[in-house]
file entry38.cif (mmCIF, C-alpha atoms)
data_query
loop_
_atom_site.label_atom_id
_atom_site.label_comp_id
_atom_site.auth_asym_id
_atom_site.auth_seq_id
_atom_site.Cartn_x
_atom_site.Cartn_y
_atom_site.Cartn_z
CA MET A 1 7.62 136.43 -113.97
CA VAL A 2 7.20 137.98 -117.44
CA THR A 3 8.54 137.90 -120.97
CA ALA A 4 7.74 140.38 -123.76
CA VAL A 5 7.07 140.67 -127.53
CA THR A 6 8.43 143.50 -129.78
CA ASN A 7 7.69 145.45 -133.01
CA ALA A 8 6.88 148.96 -134.17
CA PHE A 9 3.50 148.90 -132.46
CA TYR A 10 3.74 147.36 -129.01
CA PHE A 11 6.05 146.05 -126.38
CA MET A 12 4.18 143.42 -124.43
CA GLN A 13 4.96 141.86 -121.09
CA LEU A 14 2.98 138.89 -119.84
CA SER A 15 2.97 137.57 -116.31
CA VAL A 16 0.51 134.78 -115.58
CA THR A 17 0.23 132.39 -112.66
CA LEU A 18 -1.36 129.16 -113.88
CA THR A 19 -3.14 126.54 -111.81
CA ALA A 20 -1.29 123.54 -110.41
CA ALA A 21 -4.05 121.40 -111.98
CA LEU A 22 -2.59 121.66 -115.52
CA THR A 23 -2.41 118.23 -117.10
CA ALA A 24 0.64 116.84 -118.85
CA ASP A 25 -1.13 117.21 -122.23
CA GLU A 26 -1.98 120.83 -121.48
CA LEU A 27 1.61 121.59 -120.51
CA ASP A 28 2.93 119.93 -123.67
CA GLU A 29 0.61 122.03 -125.84
CA LEU A 30 1.48 125.23 -123.96
CA ARG A 31 5.20 124.60 -124.44
CA TRP A 32 4.59 124.25 -128.18
CA HIS A 33 2.73 127.59 -128.34
CA LEU A 34 5.63 129.13 -126.44
CA ARG A 35 8.19 127.57 -128.84
CA ILE A 36 9.91 125.72 -126.02
CA GLY A 37 8.65 122.26 -126.94
CA PRO A 38 7.65 120.08 -129.92
CA ARG A 39 4.14 119.97 -131.34
CA PRO A 40 2.06 117.35 -129.53
CA GLN A 41 1.07 114.28 -131.53
CA ARG A 42 -2.65 114.94 -131.07
CA SER A 43 -5.30 117.55 -131.79
CA LEU A 44 -4.62 120.94 -130.22
CA GLN A 45 -7.07 122.41 -127.70
CA VAL A 46 -6.14 125.96 -128.77
CA ASP A 47 -6.01 127.41 -132.29
CA GLY A 48 -2.38 127.15 -133.35
CA SER A 49 -2.32 130.22 -135.65
CA PHE A 50 -0.17 132.17 -133.19
CA ARG A 51 3.04 131.12 -131.53
CA PHE A 52 5.32 133.24 -129.40
CA PHE A 53 8.56 134.65 -130.77
CA TYR A 54 11.78 133.32 -129.36
CA PHE A 55 14.36 135.00 -131.55
CA THR A 56 17.05 136.33 -129.25
CA GLY A 57 19.21 138.85 -131.10
CA SER A 58 17.17 138.77 -134.31
CA SER A 59 15.92 141.83 -136.20
CA ARG A 60 12.44 141.11 -134.91
CA GLY A 61 12.10 140.06 -131.33
CA GLU A 62 15.52 141.05 -130.05
CA GLY A 63 15.51 140.16 -126.39
CA CYS A 64 12.13 138.44 -126.75
CA GLY A 65 11.65 135.28 -124.82
CA VAL A 66 9.44 133.19 -122.60
CA GLU A 67 9.85 131.32 -119.37
CA LEU A 68 7.59 128.67 -117.90
CA SER A 69 8.58 127.41 -114.48
CA GLN A 70 6.88 125.56 -111.67
CA ILE A 71 6.47 127.28 -108.32
CA ASP A 72 7.03 125.35 -105.09
CA ASP A 73 3.29 124.89 -104.46
CA GLY A 74 2.80 123.27 -107.87
CA ARG A 75 1.47 126.27 -109.73
CA TRP A 76 3.13 127.47 -112.94
CA ALA A 77 4.62 130.91 -113.59
CA LEU A 78 4.56 132.06 -117.21
CA THR A 79 6.41 135.22 -118.19
CA ALA A 80 6.98 136.54 -121.68
CA ALA A 81 8.49 139.57 -123.38
CA GLN A 82 7.50 140.19 -127.00
CA GLU A 83 6.97 142.85 -129.68
CA PRO A 84 3.65 142.05 -131.40
CA SER A 85 1.69 143.91 -134.03
CA PRO A 86 -2.05 144.40 -133.44
CA ASP A 87 -2.63 141.47 -135.82
CA ASP A 88 -0.36 139.30 -133.68
CA VAL A 89 -2.29 140.22 -130.54
CA ASP A 90 -5.64 139.46 -132.16
CA GLN A 91 -4.39 136.09 -133.47
CA ALA A 92 -3.23 135.21 -129.96
CA GLU A 93 -6.68 135.79 -128.47
CA PRO A 94 -7.62 132.06 -128.33
CA LEU A 95 -4.39 131.36 -126.44
CA PHE A 96 -4.93 134.33 -124.13
CA ARG A 97 -8.47 133.13 -123.34
CA TRP A 98 -7.09 129.68 -122.59
CA LEU A 99 -4.43 131.13 -120.28
CA ALA A 100 -7.10 133.09 -118.41
CA ALA A 101 -9.24 129.97 -118.03
CA LYS A 102 -6.22 128.06 -116.67
CA SER A 103 -5.10 130.85 -114.33
CA ASP A 104 -4.82 130.18 -110.65
CA PRO A 105 -7.93 131.39 -108.75
CA SER A 106 -5.73 133.73 -106.70
CA VAL A 107 -5.13 135.99 -109.74
CA VAL A 108 -8.76 136.19 -110.87
CA ASN A 109 -10.33 139.59 -110.13
CA PRO A 110 -13.69 139.85 -108.29
CA ASP A 111 -15.47 140.56 -111.60
CA GLY A 112 -14.01 137.38 -113.10
CA SER A 113 -11.44 139.15 -115.28
CA VAL A 114 -7.78 138.17 -115.48
CA LEU A 115 -4.97 140.64 -116.14
CA LEU A 116 -2.45 138.76 -118.28
CA GLY A 117 0.07 141.56 -118.68
CA ARG A 118 0.61 145.04 -120.07
CA LEU A 119 1.23 146.77 -123.40
CA ARG A 120 2.93 149.99 -124.38
CA PHE A 121 4.60 151.55 -127.40
CA TYR A 122 8.03 149.95 -127.62
CA ASP A 123 9.82 153.30 -127.14
CA GLU A 124 7.82 154.42 -124.10
CA SER A 125 8.47 153.70 -120.44
CA ASP A 126 5.01 153.78 -118.80
CA TRP A 127 2.99 150.57 -118.59
CA THR A 128 -0.50 152.10 -118.28
CA ASN A 129 -2.47 149.77 -120.58
CA GLY A 130 -3.54 146.31 -119.55
CA LEU A 131 -4.02 143.10 -121.54
CA LEU A 132 -7.18 141.71 -119.99
CA ILE A 133 -9.56 138.80 -120.50
CA HIS A 134 -13.04 139.77 -119.31
CA ARG A 135 -16.17 137.70 -119.96
CA ASP A 136 -14.16 135.52 -122.34
CA GLN A 137 -13.15 138.52 -124.47
CA LEU A 138 -9.72 140.07 -124.99
CA HIS A 139 -9.37 143.76 -124.11
CA TYR A 140 -6.29 145.81 -124.88
CA PRO A 141 -5.59 149.42 -125.95
CA ARG A 142 -6.58 149.98 -129.55
CA ILE A 143 -3.82 152.49 -130.06
CA HIS A 144 -4.22 154.18 -133.43
CA LYS A 145 -2.18 157.34 -132.89
CA ARG A 146 0.82 158.42 -130.94
CA PRO A 147 -0.08 159.99 -127.57
CA ALA A 148 -1.37 163.56 -127.88
CA SER A 149 1.52 164.84 -125.78
CA GLU A 150 3.97 163.93 -128.56
CA SER A 151 2.60 166.75 -130.72
CA MET A 152 3.58 169.32 -128.05
CA THR A 153 6.94 170.75 -127.09
CA ASP A 154 5.87 171.48 -123.49
CA ALA A 155 3.53 168.59 -122.76
CA GLU A 156 4.99 168.03 -119.29
CA ALA A 157 4.45 171.65 -118.27
CA VAL A 158 1.51 172.33 -115.95
CA VAL A 159 -1.36 174.16 -117.65
CA THR A 160 -1.61 177.70 -116.22
CA THR A 161 -3.45 179.94 -118.70
CA TRP A 162 -6.88 179.64 -120.24
CA ASN A 163 -5.51 179.88 -123.78
CA ASP A 164 -3.11 177.02 -123.04
CA PHE A 165 -6.01 175.06 -121.54
CA ALA A 166 -8.06 175.49 -124.73
CA SER A 167 -5.16 174.36 -126.94
CA ARG A 168 -4.58 171.27 -124.79
CA LEU A 169 -8.28 170.43 -124.67
CA GLU A 170 -8.46 170.69 -128.47
CA LEU A 171 -5.76 168.02 -128.80
CA THR A 172 -7.47 165.85 -126.19
CA LEU A 173 -10.91 166.04 -127.82
CA GLY A 174 -9.36 164.75 -131.04
CA ARG A 175 -8.21 161.58 -129.26
CA ILE A 176 -11.52 160.62 -127.63
CA ARG A 177 -12.77 157.23 -128.85
CA GLY A 178 -16.05 155.44 -128.32
CA GLY A 179 -16.32 154.48 -124.65
CA ASP A 180 -13.85 157.12 -123.41
CA TRP A 181 -15.00 159.52 -120.68
CA ILE A 182 -13.18 162.66 -119.49
CA ARG A 183 -14.41 165.00 -116.73
CA LEU A 184 -13.14 168.44 -115.73
CA GLY A 185 -14.65 169.93 -112.60
CA THR A 186 -14.33 172.10 -109.53
CA THR A 187 -16.37 173.28 -106.53
CA GLY A 188 -20.08 173.98 -106.80
CA ASN A 189 -20.50 171.01 -109.14
CA ARG A 190 -19.15 173.16 -111.97
CA HIS A 191 -18.00 170.58 -114.47
CA ALA A 192 -17.86 169.38 -118.06
CA CYS A 193 -17.90 165.85 -119.44
CA PHE A 194 -16.54 164.75 -122.81
CA PHE A 195 -17.21 161.24 -124.09
CA GLY A 196 -17.38 159.08 -127.18
CA ASP A 197 -20.85 157.63 -127.69
CA SER A 198 -22.23 154.71 -129.68
CA ASN A 199 -23.20 156.98 -132.59
CA ASP A 200 -19.58 157.66 -133.50
CA GLU A 201 -19.73 161.14 -131.97
CA THR A 202 -17.81 163.01 -129.29
CA VAL A 203 -20.34 164.60 -126.93
CA CYS A 204 -19.32 167.73 -125.02
CA ASN A 205 -21.46 168.50 -121.96
CA ILE A 206 -21.35 171.56 -119.68
CA VAL A 207 -23.40 171.40 -116.50
CA SER A 208 -26.57 173.54 -116.39
CA ASN A 209 -28.55 175.07 -113.53
CA ASP A 210 -30.28 171.72 -112.95
CA TYR A 211 -27.12 170.41 -111.25
CA LEU A 212 -25.15 173.53 -110.29
CA ASP A 213 -24.96 174.52 -106.64
CA ASP A 214 -27.06 177.56 -105.79
CA ASP A 215 -24.03 179.84 -105.40
CA PHE A 216 -23.06 179.27 -109.05
CA LEU A 217 -26.37 179.28 -110.93
CA MET A 218 -26.23 180.95 -114.35
CA SER A 219 -28.29 184.09 -114.88
CA ASP A 220 -30.55 184.51 -117.89
CA ASP A 221 -27.81 186.58 -119.56
CA GLU A 222 -25.23 183.87 -118.88
CA GLU A 223 -27.51 181.21 -120.34
CA ALA A 224 -27.91 183.40 -123.41
CA GLY A 225 -24.10 183.55 -123.50
CA MET A 226 -23.95 179.74 -123.61
CA ARG A 227 -26.20 179.75 -126.67
CA ARG A 228 -24.06 182.40 -128.37
CA LEU A 229 -21.07 180.11 -127.84
CA GLY A 230 -22.88 177.38 -129.75
CA TRP A 231 -24.16 175.23 -126.89
CA ASP A 232 -27.54 173.55 -127.35
CA GLY A 233 -30.02 173.10 -124.53
CA PRO A 234 -30.02 172.87 -121.70
CA SER A 235 -31.38 169.32 -121.80
CA ASP A 236 -31.27 166.66 -119.07
CA GLY A 237 -29.11 168.91 -116.93
CA TYR A 238 -26.46 169.81 -119.52
CA TRP A 239 -25.54 172.12 -122.35
CA ILE A 240 -24.47 169.99 -125.34
CA ARG A 241 -22.25 170.09 -128.41
CA ARG A 242 -21.69 167.07 -130.68
CA LEU A 243 -18.70 166.34 -132.90
CA LEU A 244 -18.93 163.66 -135.57
CA HIS A 245 -15.88 161.40 -135.94
CA PRO A 246 -13.52 162.35 -137.37
CA ALA A 247 -13.98 166.01 -136.38
CA THR A 248 -12.21 168.68 -138.35
CA THR A 249 -9.53 170.87 -136.81
CA ASN A 250 -11.91 173.85 -136.88
CA GLN A 251 -14.63 171.85 -135.09
CA LEU A 252 -12.23 170.69 -132.38
CA HIS A 253 -10.89 174.20 -131.95
CA SER A 254 -14.39 175.68 -131.69
CA ALA A 255 -15.55 173.10 -129.12
CA ALA A 256 -12.42 173.54 -126.99
CA GLU A 257 -12.68 177.34 -127.14
CA ALA A 258 -16.40 177.25 -126.23
CA SER A 259 -15.63 174.94 -123.29
CA MET A 260 -12.86 177.22 -122.05
CA LEU A 261 -15.08 180.34 -122.29
CA ALA A 262 -17.93 178.56 -120.51
CA PHE A 263 -15.64 177.71 -117.60
CA ARG A 264 -13.95 181.11 -117.47
CA ASP A 265 -16.74 183.57 -118.21
CA LEU A 266 -20.02 181.82 -117.41
CA LEU A 267 -19.13 179.43 -114.59
CA ASP A 268 -16.66 181.89 -113.01
CA VAL A 269 -13.74 179.47 -112.70
CA ALA A 270 -10.78 181.76 -111.99
CA SER A 271 -8.01 179.52 -113.35
CA PRO A 272 -7.67 176.14 -115.11
CA GLN A 273 -5.59 175.10 -112.12
CA GLU A 274 -8.83 174.96 -110.12
CA LEU A 275 -10.10 172.14 -112.32
CA LEU A 276 -9.64 168.46 -111.48
CA LEU A 277 -9.21 166.01 -114.34
CA SER A 278 -10.61 162.49 -114.16
CA ALA A 279 -11.10 159.86 -116.84
CA PHE A 280 -12.14 156.30 -117.45
CA SER A 281 -12.82 153.99 -120.38
CA GLU A 282 -15.60 151.48 -120.82
CA HIS A 283 -12.97 149.18 -122.35
CA PRO A 284 -11.31 147.17 -119.56
CA GLY A 285 -7.58 147.79 -119.24
CA GLU A 286 -7.68 151.07 -121.18
CA GLN A 287 -7.45 154.75 -120.31
CA PRO A 288 -8.41 157.80 -122.42
CA ASP A 289 -5.50 159.82 -123.79
CA THR A 290 -5.22 162.82 -121.46
CA THR A 291 -1.46 163.21 -121.89
CA ALA A 292 -1.77 166.68 -123.43
CA MET A 293 -3.79 168.26 -120.64
CA GLY A 294 -0.93 169.16 -118.27
CA MET A 295 -3.06 168.02 -115.32
CA ASN A 296 -2.76 165.11 -112.92
CA LEU A 297 -5.54 162.53 -112.97
CA SER A 298 -7.93 162.38 -110.02
CA PRO A 299 -10.27 159.49 -109.16
CA TRP A 300 -13.52 159.42 -111.11
CA PRO A 301 -16.33 160.97 -109.02
#
call {"tool": "encode", "arguments": {"input": "entry38.cif", "output": "structure tokens"}}
result
Amino acid sequence: MVTAVTNAFYFMQLSVTLTAALTADELDELRWHLRIGPRPQRSLQVDGSFRFFYFTGSSRGEGCGVELSQIDDGRWALTAAQEPSPDDVDQAEPLFRWLAAKSDPSVVNPDGSVLLGRLRFYDESDWTNGLLIHRDQLHYPRIHKRPASESMTDAEAVVTTWNDFASRLELTLGRIRGGDWIRLGTTGNRHACFFGDSNDETVCNIVSNDYLDDDFLMSDDEEAGMRRLGWDGPSDGYWIRRLLHPATTNQLHSAAEASMLAFRDLLDVASPQELLLSAFSEHPGEQPDTTAMGMNLSPWP
């Protein structure tokens, strides 16, 4: 079961199944953190700087609440609905780590991570971002902007023209963060990758003849065309452009336009509808912002 937290940044829903081996002292302390019990008369195991909201009907936390109940087999079900700020989430990290450590083994993923719940903007409906403890660290979406689709009037429309593709890619490139990976590709291994690297850059890669299928190899003239578009290389199998963060509007526009022309004119992709979009993030529980692309996500190759 789950309860949530609420403010202008996030709406959070937690749903955690805790082990039946919780001691009476541990349960007393947890109830205090959840504001459903008094503070224990002893030292706390968990930093007490964060406590859940339980302000039904208040200006902050309307509808927020928590529930801790015992399941028939002795395990404990914790659910919570809240509206936290990013500061609130960070302050709760010691408690979240404790909850993950006390989770029932049945909810621990094969890599040892525990999904505690999900986060979204309070006025959105999709719960795509996880709140995850992995290797004793808290991972959650570091949302710093509204989704790219919100700056478009037709974001839900399917991309059909190359000019529309370039405009959508420009918006998407501006949202790439360190650890984000986006791939656009079609038959013949014709593809491009866009990712945020550790040098605070967005790297744009277009596949070169080293990896293209024989039927789609670029001619010498086409390779010269890549250079005229501003692509460096090829090197290690790819043509490369780099954008320092934060990139200017002109830089984003130029990179998106050069990517579109490479697909259309030099890799002979007839339509953007031939391209498959896939994405992943190196940050557990997160997903790159591809909401502006007008394309459904496919599994990462």
call {"tool": "resolve_selection", "arguments": {"input": "entry38.cif", "expression": "the PyMOL selection byres ((chain A and resi 278) around 10)", "output": "PyMOL selection string"}}
result
chain A and resi 181-185+193+275-277+279-280+288+290+295-301
call {"tool": "resolve_selection", "arguments": {"input": "entry38.cif", "expression": "the PyMOL selection byres ((chain A and resi 245) around 10)", "output": "PyMOL selection string"}}
result
chain A and resi 174+176-178+196+199-202+242-244+246-248
call {"tool": "resolve_selection", "arguments": {"input": "entry38.cif", "expression": "the PyMOL selection byres ((chain A and resi 169) around 9)", "output": "PDB file with C-alpha atoms, in the frame of the given file"}}
result
ATOM      1  CA  ASP A 164      -3.110 177.020-123.040  1.00  0.00           C
ATOM      2  CA  PHE A 165      -6.010 175.060-121.540  1.00  0.00           C
ATOM      3  CA  ALA A 166      -8.060 175.490-124.730  1.00  0.00           C
ATOM      4  CA  SER A 167      -5.160 174.360-126.940  1.00  0.00           C
ATOM      5  CA  ARG A 168      -4.580 171.270-124.790  1.00  0.00           C
ATOM      6  CA  GLU A 170      -8.460 170.690-128.470  1.00  0.00           C
ATOM      7  CA  LEU A 171      -5.760 168.020-128.800  1.00  0.00           C
ATOM      8  CA  THR A 172      -7.470 165.850-126.190  1.00  0.00           C
ATOM      9  CA  LEU A 173     -10.910 166.040-127.820  1.00  0.00           C
ATOM     10  CA  GLY A 174      -9.360 164.750-131.040  1.00  0.00           C
ATOM     11  CA  LEU A 252     -12.230 170.690-132.380  1.00  0.00           C
ATOM     12  CA  HIS A 253     -10.890 174.200-131.950  1.00  0.00           C
ATOM     13  CA  ALA A 255     -15.550 173.100-129.120  1.00  0.00           C
ATOM     14  CA  ALA A 256     -12.420 173.540-126.990  1.00  0.00           C
ATOM     15  CA  GLU A 257     -12.680 177.340-127.140  1.00  0.00           C
ATOM     16  CA  SER A 259     -15.630 174.940-123.290  1.00  0.00           C
ATOM     17  CA  MET A 260     -12.860 177.220-122.050  1.00  0.00           C
ATOM     18  CA  THR A 290      -5.220 162.820-121.460  1.00  0.00           C
ATOM     19  CA  ALA A 292      -1.770 166.680-123.430  1.00  0.00           C
ATOM     20  CA  MET A 293      -3.790 168.260-120.640  1.00  0.00           C
TER      21      MET A 293
END
call {"tool": "closest_residue", "arguments": {"input": "entry38.cif", "among": "A:Ala92, A:Gly188, A:Leu18, A:Ser85", "to": "Val108 (chain A)", "atoms": "only C-alpha atoms"}}
result
A:Leu18
call {"tool": "residues_around", "arguments": {"input": "entry38.cif", "residues": "Ser43 (chain A)", "least_positions_apart": "6", "cutoff": "12 Å", "atoms": "all atoms listed in the file", "output": "PyMOL selection string"}}
result
chain A and resi 25-26+28-29
call {"tool": "atom_distance", "arguments": {"input": "entry38.cif", "atom1": "CA of Ala270 (chain A)", "atom2": "CA of Pro147 (chain A)"}}
result
28.8 Å
call {"tool": "atom_distance", "arguments": {"input": "entry38.cif", "atom1": "CA of Gly130 (chain A)", "atom2": "CA of His283 (chain A)"}}
result
10.2 Å
call {"tool": "atom_distance", "arguments": {"input": "entry38.cif", "atom1": "CA of Leu14 (chain A)", "atom2": "CA of Gly74 (chain A)"}}
result
19.7 Å
call {"tool": "closest_residue", "arguments": {"input": "entry38.cif", "among": "A:Ser254, A:Ala148, A:Asn109, A:Leu119", "to": "His134 (chain A)", "atoms": "all atoms listed in the file"}}
result
A:Asn109
call {"tool": "residues_around", "arguments": {"input": "entry38.cif", "residues": "Ala24 (chain A)", "least_positions_apart": "6", "cutoff": "12 Å", "atoms": "all atoms listed in the file", "output": "JSON, numbers by chain"}}
result
{"A": [30, 31, 40]}
call {"tool": "residues_near_point", "arguments": {"input": "entry38.cif", "point": "(-25.2, 174.7, -118.2)", "cutoff": "6 Å", "atoms": "all atoms listed in the file", "output": "number ranges by chain"}}
result
A: 206-209, 238-239
call {"tool": "residues_near_point", "arguments": {"input": "entry38.cif", "point": "(4.3, 141.5, -126.9)", "cutoff": "8 Å", "atoms": "only C-alpha atoms", "output": "list of chain:residue names"}}
result
A:Ala4, A:Val5, A:Thr6, A:Tyr10, A:Phe11, A:Met12, A:Gln13, A:Leu14, A:Ala80, A:Ala81, A:Gln82, A:Glu83, A:Pro84, A:Ser85, A:Val89, A:Leu119
call {"tool": "closest_residue", "arguments": {"input": "entry38.cif", "among": "A:Arg75, A:Ala258, A:Gly294, A:Gln70", "to": "Ser106 (chain A)", "atoms": "all atoms listed in the file"}}
result
A:Arg75
call {"tool": "closest_residue", "arguments": {"input": "entry38.cif", "among": "A:Arg97, A:Arg118, A:Lys102, A:Arg135", "to": "Thr17 (chain A)", "atoms": "all atoms listed in the file"}}
result
A:Lys102
call {"tool": "closest_residue", "arguments": {"input": "entry38.cif", "among": "A:Pro105, A:Thr187, A:Cys204, A:Ser198", "to": "Gln251 (chain A)", "atoms": "all atoms listed in the file"}}
result
A:Cys204
call {"tool": "build_atoms", "arguments": {"input": "entry38.cif", "residues": "region 80-109 of chain A", "atoms": "N, CA and C atoms", "output": "PDB file, keeping the file's coordinate frame"}}
result
ATOM      1  N   ALA A  80       6.606 136.415-120.281  1.00  0.00           N
ATOM      2  CA  ALA A  80       6.980 136.540-121.680  1.00  0.00           C
ATOM      3  C   ALA A  80       7.195 137.985-122.048  1.00  0.00           C
ATOM      4  N   ALA A  81       8.209 138.236-122.852  1.00  0.00           N
ATOM      5  CA  ALA A  81       8.490 139.570-123.380  1.00  0.00           C
ATOM      6  C   ALA A  81       8.486 139.477-124.895  1.00  0.00           C
ATOM      7  N   GLN A  82       7.677 140.293-125.556  1.00  0.00           N
ATOM      8  CA  GLN A  82       7.500 140.190-127.000  1.00  0.00           C
ATOM      9  C   GLN A  82       7.213 141.565-127.596  1.00  0.00           C
ATOM     10  N   GLU A  83       7.320 141.648-128.928  1.00  0.00           N
ATOM     11  CA  GLU A  83       6.970 142.850-129.680  1.00  0.00           C
ATOM     12  C   GLU A  83       5.949 142.483-130.749  1.00  0.00           C
ATOM     13  N   PRO A  84       4.655 142.482-130.418  1.00  0.00           N
ATOM     14  CA  PRO A  84       3.650 142.050-131.400  1.00  0.00           C
ATOM     15  C   PRO A  84       3.038 143.232-132.146  1.00  0.00           C
ATOM     16  N   SER A  85       2.556 142.964-133.330  1.00  0.00           N
ATOM     17  CA  SER A  85       1.690 143.910-134.030  1.00  0.00           C
ATOM     18  C   SER A  85       0.271 143.704-133.519  1.00  0.00           C
ATOM     19  N   PRO A  86      -0.651 144.644-133.816  1.00  0.00           N
ATOM     20  CA  PRO A  86      -2.050 144.400-133.440  1.00  0.00           C
ATOM     21  C   PRO A  86      -2.588 143.101-134.020  1.00  0.00           C
ATOM     22  N   ASP A  87      -2.186 142.738-135.235  1.00  0.00           N
ATOM     23  CA  ASP A  87      -2.630 141.470-135.820  1.00  0.00           C
ATOM     24  C   ASP A  87      -2.148 140.290-134.990  1.00  0.00           C
ATOM     25  N   ASP A  88      -0.900 140.374-134.509  1.00  0.00           N
ATOM     26  CA  ASP A  88      -0.360 139.300-133.680  1.00  0.00           C
ATOM     27  C   ASP A  88      -1.195 139.142-132.405  1.00  0.00           C
ATOM     28  N   VAL A  89      -1.522 140.270-131.786  1.00  0.00           N
ATOM     29  CA  VAL A  89      -2.290 140.220-130.540  1.00  0.00           C
ATOM     30  C   VAL A  89      -3.656 139.606-130.780  1.00  0.00           C
ATOM     31  N   ASP A  90      -4.314 140.012-131.863  1.00  0.00           N
ATOM     32  CA  ASP A  90      -5.640 139.460-132.160  1.00  0.00           C
ATOM     33  C   ASP A  90      -5.562 137.952-132.438  1.00  0.00           C
ATOM     34  N   GLN A  91      -4.519 137.517-133.171  1.00  0.00           N
ATOM     35  CA  GLN A  91      -4.390 136.090-133.470  1.00  0.00           C
ATOM     36  C   GLN A  91      -4.114 135.280-132.212  1.00  0.00           C
ATOM     37  N   ALA A  92      -3.534 135.921-131.208  1.00  0.00           N
ATOM     38  CA  ALA A  92      -3.230 135.210-129.960  1.00  0.00           C
ATOM     39  C   ALA A  92      -4.417 135.138-129.021  1.00  0.00           C
ATOM     40  N   GLU A  93      -5.552 135.743-129.396  1.00  0.00           N
ATOM     41  CA  GLU A  93      -6.680 135.790-128.470  1.00  0.00           C
ATOM     42  C   GLU A  93      -7.125 134.407-127.986  1.00  0.00           C
ATOM     43  N   PRO A  94      -7.224 133.383-128.860  1.00  0.00           N
ATOM     44  CA  PRO A  94      -7.620 132.060-128.330  1.00  0.00           C
ATOM     45  C   PRO A  94      -6.668 131.553-127.250  1.00  0.00           C
ATOM     46  N   LEU A  95      -5.363 131.791-127.445  1.00  0.00           N
ATOM     47  CA  LEU A  95      -4.390 131.360-126.440  1.00  0.00           C
ATOM     48  C   LEU A  95      -4.547 132.181-125.164  1.00  0.00           C
ATOM     49  N   PHE A  96      -4.762 133.482-125.307  1.00  0.00           N
ATOM     50  CA  PHE A  96      -4.930 134.330-124.130  1.00  0.00           C
ATOM     51  C   PHE A  96      -6.174 133.919-123.333  1.00  0.00           C
ATOM     52  N   ARG A  97      -7.255 133.580-124.046  1.00  0.00           N
ATOM     53  CA  ARG A  97      -8.470 133.130-123.340  1.00  0.00           C
ATOM     54  C   ARG A  97      -8.191 131.824-122.597  1.00  0.00           C
ATOM     55  N   TRP A  98      -7.423 130.955-123.238  1.00  0.00           N
ATOM     56  CA  TRP A  98      -7.090 129.680-122.590  1.00  0.00           C
ATOM     57  C   TRP A  98      -6.245 129.918-121.340  1.00  0.00           C
ATOM     58  N   LEU A  99      -5.269 130.821-121.435  1.00  0.00           N
ATOM     59  CA  LEU A  99      -4.430 131.130-120.280  1.00  0.00           C
ATOM     60  C   LEU A  99      -5.276 131.684-119.123  1.00  0.00           C
ATOM     61  N   ALA A 100      -6.242 132.548-119.463  1.00  0.00           N
ATOM     62  CA  ALA A 100      -7.100 133.090-118.410  1.00  0.00           C
ATOM     63  C   ALA A 100      -7.923 131.992-117.756  1.00  0.00           C
ATOM     64  N   ALA A 101      -8.431 131.064-118.572  1.00  0.00           N
ATOM     65  CA  ALA A 101      -9.240 129.970-118.030  1.00  0.00           C
ATOM     66  C   ALA A 101      -8.417 129.042-117.156  1.00  0.00           C
ATOM     67  N   LYS A 102      -7.103 128.933-117.436  1.00  0.00           N
ATOM     68  CA  LYS A 102      -6.220 128.060-116.670  1.00  0.00           C
ATOM     69  C   LYS A 102      -5.465 128.807-115.582  1.00  0.00           C
ATOM     70  N   SER A 103      -5.803 130.076-115.359  1.00  0.00           N
ATOM     71  CA  SER A 103      -5.100 130.850-114.330  1.00  0.00           C
ATOM     72  C   SER A 103      -5.469 130.360-112.941  1.00  0.00           C
ATOM     73  N   ASP A 104      -4.550 130.539-112.032  1.00  0.00           N
ATOM     74  CA  ASP A 104      -4.820 130.180-110.650  1.00  0.00           C
ATOM     75  C   ASP A 104      -5.914 131.089-110.091  1.00  0.00           C
ATOM     76  N   PRO A 105      -6.835 130.563-109.291  1.00  0.00           N
ATOM     77  CA  PRO A 105      -7.930 131.390-108.750  1.00  0.00           C
ATOM     78  C   PRO A 105      -7.441 132.633-108.005  1.00  0.00           C
ATOM     79  N   SER A 106      -6.235 132.595-107.481  1.00  0.00           N
ATOM     80  CA  SER A 106      -5.730 133.730-106.700  1.00  0.00           C
ATOM     81  C   SER A 106      -5.499 134.975-107.545  1.00  0.00           C
ATOM     82  N   VAL A 107      -5.386 134.837-108.874  1.00  0.00           N
ATOM     83  CA  VAL A 107      -5.130 135.990-109.740  1.00  0.00           C
ATOM     84  C   VAL A 107      -6.379 136.438-110.493  1.00  0.00           C
ATOM     85  N   VAL A 108      -7.516 135.795-110.228  1.00  0.00           N
ATOM     86  CA  VAL A 108      -8.760 136.190-110.870  1.00  0.00           C
ATOM     87  C   VAL A 108      -9.395 137.331-110.090  1.00  0.00           C
ATOM     88  N   ASN A 109      -9.733 138.422-110.772  1.00  0.00           N
ATOM     89  CA  ASN A 109     -10.330 139.590-110.130  1.00  0.00           C
ATOM     90  C   ASN A 109     -11.762 139.295-109.694  1.00  0.00           C
TER      91      ASN A 109
END
